[in-house]
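Participant: I'd like to ask you about the structure that follows.
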Amino acid sequence: SPLASPQDASASGTPAGVLVVEDERIVALDIVARIKRLGYAVTGVATSGEAALEACRDNPPSLVLMDIFLEGGMDGIEAARRIRDLHDIPVVYITSHDDQMTLRRAAKTAPYGYVIKPVDERWLQSALEVALYKHATEINLRRSEERFRRLFERMLNAFALFEAVFDDKGEVTDLRILEVNPAFERVTGFFRGEVEGRRIREVIPGVEPYWIEILGQ
């Protein structure tokens with residue numbers, strides 16, 4: 001696949017592990033068999049939201065396939081929300097229901113996809129690949145942002161991030177300061193709380209239009 005192979009979620013090259021959360025035994029066994037045929041590992045099968053949380057804590061999978069309606073006091077939507085908040089593990093819902101209110105609740109948990117029962121193997125494969133690829137991309141983006149943040153905060157040079165303010169003709173008339181680093185505060189004497197979110201012409205009323213034009217470009 002051009003997106004993600006079963007091994008992509010593991011640095012060691014072992015298959016990505018999937019936790020199946022399904023309270024109908026026959027359905028769960030069928031899904032487990034399909035996942036294994038696709039080359040993924042199955043870390044376990046849970047029949048309730050509580051059991052799913054315990055499994056994610058004790059043996060974290062690469063991905064969770066979560067039925068929305070489960071036995072016990074916690075449905076799949078609540079379990080997915082807690083798994084996302086506590087463990088940052090992607091969740092793909094498996095459901096035979098298309099109730100709009102339920103789906104709206106599910107959407108608030110930021111799922112990585114849906115698989116409709118009865119499960120089609122090609123659709124299942126696509127959902128797994130897309131979810132794992134998306135999650136890996138998000139992790140890499142966060143790491144990149146963290147590296148930029150550390151550099152931004154520690155660099156010795158004064159640095160400010162601007163956005164251009166345009167007039168009706170599409171020409172730059174001002175610049176809004178989005179963020180400044182500690183070196184900027186030391187060099188200029190302006191503190192973050194004073195300048196961030198404000199326009200250059202407000203902070204430096206006598207600024208020459210030339211500099212706004214150059215920076216705008």
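Chain labels run A, B, ... following the order of the structure tokens; each chain numbers its residues from 1, and ligands are numbered from 1 in the order shown.
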Give me, as CSV, the closest atom pair and its distance (Å, one decimal) for every residue of segment 58-118 of chain A within a cut-off of 9 Å of segment 29-51 of chain A, counting only C-alpha atoms, rows sorted by chain and rising number.

Facilitator:
residue,atom,partner,partner_atom,distance
A:Asn59,CA,A:Thr43,CA,7.2
A:Pro60,CA,A:Thr43,CA,8.1
A:Pro61,CA,A:Thr43,CA,6.3
A:Met66,CA,A:Gly49,CA,8.8
A:Phe69,CA,A:Ser48,CA,9.0
A:Leu70,CA,A:Ser48,CA,5.5
A:Glu71,CA,A:Ser48,CA,5.4
A:Gly72,CA,A:Ser48,CA,5.8
A:Gly73,CA,A:Gly49,CA,7.8
A:Met74,CA,A:Gly49,CA,5.2
A:Asp75,CA,A:Gly49,CA,5.9
A:Gly76,CA,A:Gly49,CA,5.8
A:Ile77,CA,A:Gly49,CA,8.6
A:Glu78,CA,A:Gly49,CA,7.6
A:Ala79,CA,A:Gly49,CA,5.0
A:Ala80,CA,A:Gly49,CA,8.2

Participant: For the selection just defined, write its residues with C-alpha atoms to a file, as a PDB file, in the first residue's frame.

Facilitator:
ATOM      1  CA  ASN A  59      -0.428  -3.771  26.503  1.00  0.00           C
ATOM      2  CA  PRO A  60      -0.775  -0.651  24.341  1.00  0.00           C
ATOM      3  CA  PRO A  61      -1.770  -1.450  20.744  1.00  0.00           C
ATOM      4  CA  MET A  66     -13.925  -0.051  18.679  1.00  0.00           C
ATOM      5  CA  PHE A  69     -22.366  -0.223  21.532  1.00  0.00           C
ATOM      6  CA  LEU A  70     -20.790  -2.455  24.178  1.00  0.00           C
ATOM      7  CA  GLU A  71     -21.764  -4.386  27.251  1.00  0.00           C
ATOM      8  CA  GLY A  72     -21.092  -2.749  30.620  1.00  0.00           C
ATOM      9  CA  GLY A  73     -21.527   0.802  31.793  1.00  0.00           C
ATOM     10  CA  MET A  74     -19.205   2.474  29.274  1.00  0.00           C
ATOM     11  CA  ASP A  75     -19.994   2.577  25.584  1.00  0.00           C
ATOM     12  CA  GLY A  76     -17.409   2.660  22.828  1.00  0.00           C
ATOM     13  CA  ILE A  77     -17.605   6.413  22.361  1.00  0.00           C
ATOM     14  CA  GLU A  78     -16.708   7.152  25.974  1.00  0.00           C
ATOM     15  CA  ALA A  79     -13.994   4.485  25.895  1.00  0.00           C
ATOM     16  CA  ALA A  80     -12.549   6.021  22.705  1.00  0.00           C
TER      17      ALA A  80
END

Participant: Skip segment 103-118 of chain A itself and residues of its chain fewer than 5 positions away, then list as JSON, numbers by chain all residues within 10 Å of it, counting only C-alpha atoms.

Facilitator: {"A": [27, 30, 31, 63, 64, 65, 66, 67, 68, 76, 77, 78, 79, 80, 81, 82, 83, 84, 85, 89, 90, 91, 92, 93, 94, 95, 96, 97, 98, 123, 124, 125, 126, 127, 128, 130, 131, 132, 133, 134, 135]}

Participant: Quick one: residues within 8 Å of segment 208-212 of chain A, only C-alpha atoms, excluding same-chain residues fewer than 3 positions away - as a list in words?

Facilitator: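 Listed by chain and then number, they are Val172, Thr173, Asp174, Leu175, Leu215 and Gly216 of chain A.
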
Participant: Can you tell me, as a count of residues only, what residues are no more than 7 Å from segment 157-159 of chain A when counting only C-alpha atoms, ignoring any on the same chain fewer than 3 positions away?

Facilitator: 5

Participant: Let's see if you can do this: from backbone DSSP, list all strand (DSSP E or B) residues in segment 18-215 of chain A, as an mmCIF file with N, CA, C and O atoms, in the first residue's frame.

Facilitator:
data_model
loop_
_atom_site.group_PDB
_atom_site.id
_atom_site.type_symbol
_atom_site.label_atom_id
_atom_site.label_comp_id
_atom_site.auth_asym_id
_atom_site.auth_seq_id
_atom_site.Cartn_x
_atom_site.Cartn_y
_atom_site.Cartn_z
ATOM 1 N N VAL A 18 -3.298 -4.543 16.876
ATOM 2 C CA VAL A 18 -4.658 -4.012 16.886
ATOM 3 C C VAL A 18 -5.434 -4.625 18.050
ATOM 4 O O VAL A 18 -5.447 -5.854 18.211
ATOM 5 N N LEU A 19 -6.056 -3.771 18.848
ATOM 6 C CA LEU A 19 -6.968 -4.230 19.898
ATOM 7 C C LEU A 19 -8.384 -4.210 19.343
ATOM 8 O O LEU A 19 -8.842 -3.180 18.853
ATOM 9 N N VAL A 20 -9.069 -5.340 19.409
ATOM 10 C CA VAL A 20 -10.445 -5.447 18.932
ATOM 11 C C VAL A 20 -11.387 -5.327 20.124
ATOM 12 O O VAL A 20 -11.286 -6.100 21.084
ATOM 13 N N VAL A 21 -12.283 -4.360 20.063
ATOM 14 C CA VAL A 21 -13.257 -4.162 21.143
ATOM 15 C C VAL A 21 -14.638 -4.441 20.558
ATOM 16 O O VAL A 21 -15.204 -3.620 19.839
ATOM 17 N N ALA A 41 -1.003 -7.800 13.767
ATOM 18 C CA ALA A 41 -1.101 -8.610 14.978
ATOM 19 C C ALA A 41 -2.326 -8.169 15.758
ATOM 20 O O ALA A 41 -2.784 -7.030 15.631
ATOM 21 N N VAL A 42 -2.853 -9.044 16.573
ATOM 22 C CA VAL A 42 -3.983 -8.730 17.452
ATOM 23 C C VAL A 42 -3.477 -8.786 18.882
ATOM 24 O O VAL A 42 -3.021 -9.826 19.350
ATOM 25 N N THR A 43 -3.531 -7.652 19.563
ATOM 26 C CA THR A 43 -3.023 -7.596 20.939
ATOM 27 C C THR A 43 -4.024 -8.126 21.944
ATOM 28 O O THR A 43 -3.658 -8.422 23.082
ATOM 29 N N GLY A 44 -5.299 -8.233 21.547
ATOM 30 C CA GLY A 44 -6.305 -8.732 22.457
ATOM 31 C C GLY A 44 -7.706 -8.433 21.963
ATOM 32 O O GLY A 44 -7.893 -7.724 20.968
ATOM 33 N N VAL A 45 -8.684 -9.007 22.657
ATOM 34 C CA VAL A 45 -10.100 -8.757 22.374
ATOM 35 C C VAL A 45 -10.764 -8.338 23.678
ATOM 36 O O VAL A 45 -10.643 -9.027 24.694
ATOM 37 N N ALA A 46 -11.437 -7.204 23.657
ATOM 38 C CA ALA A 46 -12.153 -6.709 24.835
ATOM 39 C C ALA A 46 -13.635 -6.633 24.514
ATOM 40 O O ALA A 46 -14.018 -6.339 23.375
ATOM 41 N N SER A 48 -15.831 -4.841 26.609
ATOM 42 C CA SER A 48 -16.419 -3.672 27.265
ATOM 43 C C SER A 48 -15.454 -2.498 27.186
ATOM 44 O O SER A 48 -14.251 -2.679 26.944
ATOM 45 N N LEU A 63 -3.335 0.505 17.388
ATOM 46 C CA LEU A 63 -4.648 1.006 16.954
ATOM 47 C C LEU A 63 -5.736 0.210 17.656
ATOM 48 O O LEU A 63 -5.544 -0.958 17.987
ATOM 49 N N VAL A 64 -6.890 0.844 17.849
ATOM 50 C CA VAL A 64 -8.038 0.188 18.467
ATOM 51 C C VAL A 64 -9.198 0.179 17.480
ATOM 52 O O VAL A 64 -9.558 1.225 16.924
ATOM 53 N N LEU A 65 -9.761 -1.018 17.252
ATOM 54 C CA LEU A 65 -11.013 -1.145 16.510
ATOM 55 C C LEU A 65 -12.121 -1.219 17.533
ATOM 56 O O LEU A 65 -12.208 -2.182 18.299
ATOM 57 N N MET A 66 -12.983 -0.217 17.573
ATOM 58 C CA MET A 66 -13.925 -0.051 18.679
ATOM 59 C C MET A 66 -15.377 -0.116 18.218
ATOM 60 O O MET A 66 -15.821 0.711 17.413
ATOM 61 N N ASP A 67 -16.118 -1.098 18.740
ATOM 62 C CA ASP A 67 -17.560 -1.115 18.519
ATOM 63 C C ASP A 67 -18.178 0.005 19.362
ATOM 64 O O ASP A 67 -17.734 0.275 20.478
ATOM 65 N N GLU A 71 -21.218 -3.999 25.955
ATOM 66 C CA GLU A 71 -21.764 -4.386 27.251
ATOM 67 C C GLU A 71 -21.060 -3.593 28.338
ATOM 68 O O GLU A 71 -19.980 -3.040 28.136
ATOM 69 N N VAL A 91 -8.233 5.452 17.183
ATOM 70 C CA VAL A 91 -9.409 4.578 17.282
ATOM 71 C C VAL A 91 -10.181 4.629 15.971
ATOM 72 O O VAL A 91 -10.448 5.698 15.427
ATOM 73 N N VAL A 92 -10.536 3.447 15.466
ATOM 74 C CA VAL A 92 -11.426 3.309 14.314
ATOM 75 C C VAL A 92 -12.690 2.624 14.807
ATOM 76 O O VAL A 92 -12.624 1.565 15.431
ATOM 77 N N TYR A 93 -13.836 3.221 14.546
ATOM 78 C CA TYR A 93 -15.100 2.638 15.000
ATOM 79 C C TYR A 93 -15.572 1.548 14.042
ATOM 80 O O TYR A 93 -15.447 1.676 12.816
ATOM 81 N N ILE A 94 -16.120 0.482 14.626
ATOM 82 C CA ILE A 94 -16.818 -0.538 13.842
ATOM 83 C C ILE A 94 -18.267 -0.550 14.331
ATOM 84 O O ILE A 94 -18.522 -0.687 15.529
ATOM 85 N N THR A 95 -19.208 -0.384 13.418
ATOM 86 C CA THR A 95 -20.599 -0.258 13.846
ATOM 87 C C THR A 95 -21.556 -0.654 12.736
ATOM 88 O O THR A 95 -21.225 -0.574 11.545
ATOM 89 N N TYR A 114 -14.100 4.813 10.163
ATOM 90 C CA TYR A 114 -15.258 3.979 10.482
ATOM 91 C C TYR A 114 -15.226 2.733 9.599
ATOM 92 O O TYR A 114 -14.847 2.804 8.419
ATOM 93 N N VAL A 115 -15.637 1.613 10.172
ATOM 94 C CA VAL A 115 -15.831 0.373 9.415
ATOM 95 C C VAL A 115 -17.241 -0.107 9.693
ATOM 96 O O VAL A 115 -17.651 -0.210 10.854
ATOM 97 N N ILE A 116 -17.989 -0.353 8.633
ATOM 98 C CA ILE A 116 -19.396 -0.730 8.780
ATOM 99 C C ILE A 116 -19.536 -2.253 8.797
ATOM 100 O O ILE A 116 -18.896 -2.965 8.023
ATOM 101 N N ALA A 160 10.839 37.389 15.372
ATOM 102 C CA ALA A 160 9.403 37.654 15.479
ATOM 103 C C ALA A 160 8.697 37.027 14.278
ATOM 104 O O ALA A 160 9.220 37.040 13.160
ATOM 105 N N LEU A 161 7.534 36.484 14.527
ATOM 106 C CA LEU A 161 6.720 35.891 13.467
ATOM 107 C C LEU A 161 5.567 36.844 13.163
ATOM 108 O O LEU A 161 4.802 37.205 14.056
ATOM 109 N N PHE A 162 5.466 37.256 11.897
ATOM 110 C CA PHE A 162 4.448 38.220 11.478
ATOM 111 C C PHE A 162 3.443 37.573 10.533
ATOM 112 O O PHE A 162 3.729 36.555 9.896
ATOM 113 N N GLU A 163 2.286 38.199 10.390
ATOM 114 C CA GLU A 163 1.402 37.932 9.269
ATOM 115 C C GLU A 163 1.044 39.265 8.629
ATOM 116 O O GLU A 163 0.929 40.291 9.311
ATOM 117 N N ALA A 164 0.904 39.252 7.311
ATOM 118 C CA ALA A 164 0.634 40.487 6.581
ATOM 119 C C ALA A 164 -0.829 40.877 6.713
ATOM 120 O O ALA A 164 -1.720 40.028 6.769
ATOM 121 N N VAL A 165 -1.075 42.177 6.766
ATOM 122 C CA VAL A 165 -2.426 42.739 6.764
ATOM 123 C C VAL A 165 -2.608 43.449 5.423
ATOM 124 O O VAL A 165 -1.822 44.339 5.068
ATOM 125 N N PHE A 166 -3.634 43.040 4.664
ATOM 126 C CA PHE A 166 -3.838 43.561 3.315
ATOM 127 C C PHE A 166 -5.004 44.548 3.270
ATOM 128 O O PHE A 166 -5.945 44.460 4.066
ATOM 129 N N VAL A 172 0.000 45.091 1.002
ATOM 130 C CA VAL A 172 0.318 45.011 2.429
ATOM 131 C C VAL A 172 0.314 46.409 3.038
ATOM 132 O O VAL A 172 1.025 47.301 2.574
ATOM 133 N N THR A 173 -0.505 46.600 4.053
ATOM 134 C CA THR A 173 -0.590 47.909 4.714
ATOM 135 C C THR A 173 -0.031 47.886 6.131
ATOM 136 O O THR A 173 0.268 48.926 6.709
ATOM 137 N N ASP A 174 0.097 46.686 6.692
ATOM 138 C CA ASP A 174 0.610 46.578 8.053
ATOM 139 C C ASP A 174 1.021 45.134 8.297
ATOM 140 O O ASP A 174 0.800 44.258 7.449
ATOM 141 N N LEU A 175 1.599 44.889 9.463
ATOM 142 C CA LEU A 175 2.006 43.536 9.851
ATOM 143 C C LEU A 175 1.538 43.277 11.275
ATOM 144 O O LEU A 175 1.687 44.117 12.145
ATOM 145 N N ARG A 176 0.951 42.118 11.491
ATOM 146 C CA ARG A 176 0.512 41.743 12.826
ATOM 147 C C ARG A 176 1.558 40.813 13.436
ATOM 148 O O ARG A 176 1.993 39.846 12.805
ATOM 149 N N ILE A 177 1.951 41.110 14.670
ATOM 150 C CA ILE A 177 2.952 40.286 15.350
ATOM 151 C C ILE A 177 2.250 39.086 15.977
ATOM 152 O O ILE A 177 1.411 39.235 16.859
ATOM 153 N N LEU A 178 2.609 37.902 15.514
ATOM 154 C CA LEU A 178 1.992 36.691 16.034
ATOM 155 C C LEU A 178 2.731 36.143 17.253
ATOM 156 O O LEU A 178 2.112 35.681 18.211
ATOM 157 N N GLU A 179 4.065 36.216 17.200
ATOM 158 C CA GLU A 179 4.839 35.630 18.293
ATOM 159 C C GLU A 179 6.255 36.183 18.271
ATOM 160 O O GLU A 179 6.807 36.470 17.203
ATOM 161 N N VAL A 180 6.848 36.333 19.455
ATOM 162 C CA VAL A 180 8.246 36.764 19.558
ATOM 163 C C VAL A 180 8.964 35.836 20.531
ATOM 164 O O VAL A 180 8.348 35.217 21.401
ATOM 165 N N ARG A 199 -0.533 45.182 15.803
ATOM 166 C CA ARG A 199 0.073 45.554 14.531
ATOM 167 C C ARG A 199 1.330 46.385 14.764
ATOM 168 O O ARG A 199 1.458 47.084 15.780
#

Participant: From a DSSP pass on the backbone, collect the residues of segment 4-181 of chain A flagged as helix (DSSP H, G or I) and hand them back as number ranges by chain.

Facilitator: A: 25-37, 49-58, 76-87, 100-107, 121-154

Participant: Atom CA of Pro6 of chain A and atom CA of Ala136 of chain A, how far apart in Å?

Facilitator: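 Separation of atom CA of Ala136 of chain A and atom CA of Pro6 of chain A: 12.7 Å.
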
Participant: Kindly give the distance, in Å, that separates atom CA of Arg149 of chain A and atom CA of Val195 of chain A, rounded to a single decimal.

Facilitator: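 So the answer is 18.9 Å.
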